[in-house]
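Novice: My questions all concern the structure below.
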Amino acid sequence: IWYFAESRDNEIKHALIKNGSVGLWVDSFNVASPNPTLLMENVVVENMAAASLFAQNAKITSDNCVFGNAGQYSAALTLGGNYQFRHCTFGNSWSVSNRETPAVLLNNWYEDIYGAIQVRDLENAYFGNCIVYGNRTNEVSIDKKSGGQFNYQFERCLLRVDQSETNTSNTSHFTDVILNEDPKFIDPTANDFELDEQSPAINAASISIMNQNLGVLGTDILGNNRTSDPDLGAYEKQ
């Protein structure tokens with residue numbers, strides 16, 4: 001599903017998108033509009049040869065969503081943009097081929113046809129109560145060029161990162177995160193990212209983040225109540 005540049009006010013709710021090359025391709029947002037290019041609620045995007053989500057300077061709000069196994073990225077947020085993800089699961093245990101890319105990429109530049117580096121502002125990339133985990137040692141890549149904004153924050157998230165590649169010591173970017181603990185998905189290779197009863201993600205979420213959009217986030221992607229002791233990610237363990 002491809003949203004062209006300047007497209008806006010699109011919504012996907014309660015959907016399963018699977019078995020393609022790129023699940024969602026979202027191009028640059030309309031700077032004159034306060035509304036996102038794409039609003040996503042209770043959506044699963046999985047089993048993509050390239051990327052579950054590929055965004056180029058887009059504006060996306062995503063609550064209770066799963067970005068699952070893909071041959072390259074679960075979510076590639078490129079050329080800057082503005083993003084908000086709450087109670088989302090980015091899980092990538094792709095096994096069909098050798099994946100050499102992270103589950104989540106943040107990027108603010110590209111090389112034009114003349115070989116010049118063009119920088120675009122990453123106005124914001126916010127991840128709250130999310131899980132980013134997969135079968136590589138580093139599933140979060142920060143690909144930054146100077147000359148533009150690069151604002152991002154992982155708040156109360158479980159992340160798999162190689163700290164020699166991703167510096168998690170800056171608390172303005174990484175707040176109350178759980179590092180490199182297996183979330184114990186039920187069957188990640190089969191895109192089952194529900195939580196086992198021993199998962200460290202259980203009861204680890206922030207109620208204040210959930211309350212930012214309680215009408216949607218008060219239940220998980222399956223409609224289960226999560227208002228008491230919420231879990232990280234899109235699924236609330238029953």
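Residues are named by chain letter and number: chains run A, B, ... in the order of the structure tokens, numbers start at 1 in each chain, and ligands are numbered from 1 in the order shown.
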Mind checking DSSP for stretch 20-83 of chain A and telling me the strand (DSSP E) residues as JSON, numbers by chain?
Specialist: {"A": [20, 21, 22, 23, 24, 25, 26, 38, 39, 40, 41, 42, 43, 44, 45, 46, 47, 48, 49, 50, 51, 52, 53, 54, 55, 56, 57, 58, 59, 60, 61, 62, 63, 66, 67, 73, 74, 75, 76, 77, 78, 79, 80, 81, 82, 83]}
Novice: Restrict the calculation to only C-alpha atoms, then for each residue of stretch 25-79 of chain A with any atom at most 12 Å from an atom of stretch 131-134 of chain A give the closest atom pair and their distance in Å to one decimal, rows by chain and rising residue number, as a tab-separated table.
Specialist:
```
residue	atom	partner	partner_atom	distance
A:Asn64	CA	A:Ile131	CA	11.3
A:Cys65	CA	A:Ile131	CA	10.8
A:Val66	CA	A:Ile131	CA	9.6
A:Phe67	CA	A:Val132	CA	9.5
A:Gly68	CA	A:Gly134	CA	9.6
A:Asn69	CA	A:Gly134	CA	8.7
A:Ala70	CA	A:Gly134	CA	10.6
A:Gly71	CA	A:Gly134	CA	11.9
A:Gln72	CA	A:Gly134	CA	11.6
A:Tyr73	CA	A:Gly134	CA	10.6
A:Ser74	CA	A:Val132	CA	9.2
A:Ala75	CA	A:Val132	CA	10.1
```
Novice: Stretch 190-205 of chain A: which residues within 6 Å, counting only C-alpha atoms, same-chain residues fewer than 3 positions away excluded, as a PyMOL selection string?
Specialist: chain A and resi 129+183-187+229-232+235+237
Novice: Rounded to one decimal, what separation in Å do you get between atom CA of A:Glu139 and atom CA of A:Leu214?
Specialist: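 Atom-to-atom, atom CA of A:Glu139 and atom CA of A:Leu214 are spaced 28.5 Å apart.
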Novice: Just checking: using only C-alpha atoms, which residue out of A:Ser206, A:Gln118, A:Ser28, A:Arg86 ends up closest to A:Ser228?
Specialist: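 Counting only C-alpha atoms, the residue closest to A:Ser228 is A:Ser206.
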Novice: Choose the residue, out of A:Glu41, A:Asp162, A:Glu11, A:Glu123, that has the smallest atom-to-atom separation from A:Gly81; count only C-alpha atoms.
Specialist: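 Among A:Glu41, A:Asp162, A:Glu11, A:Glu123, it is A:Glu123 that comes nearest to A:Gly81.
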Novice: Residues near A:Glu181, anyone? I mean within 8 Å using only C-alpha atoms, not counting same-chain ones fewer than 2 positions away, as a ChimeraX atom specification.
Specialist: /A:158-160,178-179,183,200
Novice: Tell me, as number ranges by chain, which residues lie within 10 Å of stretch 99-115 of chain A, counting only C-alpha atoms; anything in the same chain fewer than 3 positions away does not count.
Specialist: A: 50-57, 67-81, 90-96, 118-123, 125, 132-152, 160-161
Novice: Within 7 Å of A:Asp220, counting only C-alpha atoms, which residues qualify if same-chain residues fewer than 4 places away don't, as a list in words?
Specialist: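 Counting only the stated atoms, we get Asn64, Asn224, Asn225, Arg226, Ala234, Tyr235 and Glu236 of chain A.
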Novice: For those residues, write C-alpha atoms to a file as a PDB file, in the first residue's frame.
Specialist:
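Written out: result27.pdb:
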```
ATOM      1  CA  ASN A  64      -1.400  -1.017  19.140  1.00  0.00           C
ATOM      2  CA  ASN A 224      -8.120  -7.370  25.904  1.00  0.00           C
ATOM      3  CA  ASN A 225      -8.256  -4.838  28.730  1.00  0.00           C
ATOM      4  CA  ARG A 226      -4.855  -3.431  29.759  1.00  0.00           C
ATOM      5  CA  ALA A 234       0.774  -4.591  21.276  1.00  0.00           C
ATOM      6  CA  TYR A 235      -0.343  -7.648  23.258  1.00  0.00           C
ATOM      7  CA  GLU A 236      -1.535  -7.837  26.864  1.00  0.00           C
TER       8      GLU A 236
END
```
Novice: Where does DSSP see alpha helix (DSSP H) in stretch 1-210 of chain A, if you list the residues as a list in words?
Specialist: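 Secondary structure check on stretch 1-210 of chain A, alpha helix (DSSP H): Ile207, Ser208, Ile209 and Met210 of chain A.
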Novice: Can you tell me, as a PyMOL selection string, what residues are no more than 7 Å from A:Ala58 when counting only C-alpha atoms, ignoring any on the same chain fewer than 4 positions away?
Specialist: chain A and resi 26-29+37+81-82
Novice: I'd like the interatomic distance between atom CA of A:Asp182 and atom CA of A:Asn124, to a tenth of an Å.
Specialist: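 For atom CA of A:Asp182 relative to atom CA of A:Asn124, the distance reads 27.2 Å.
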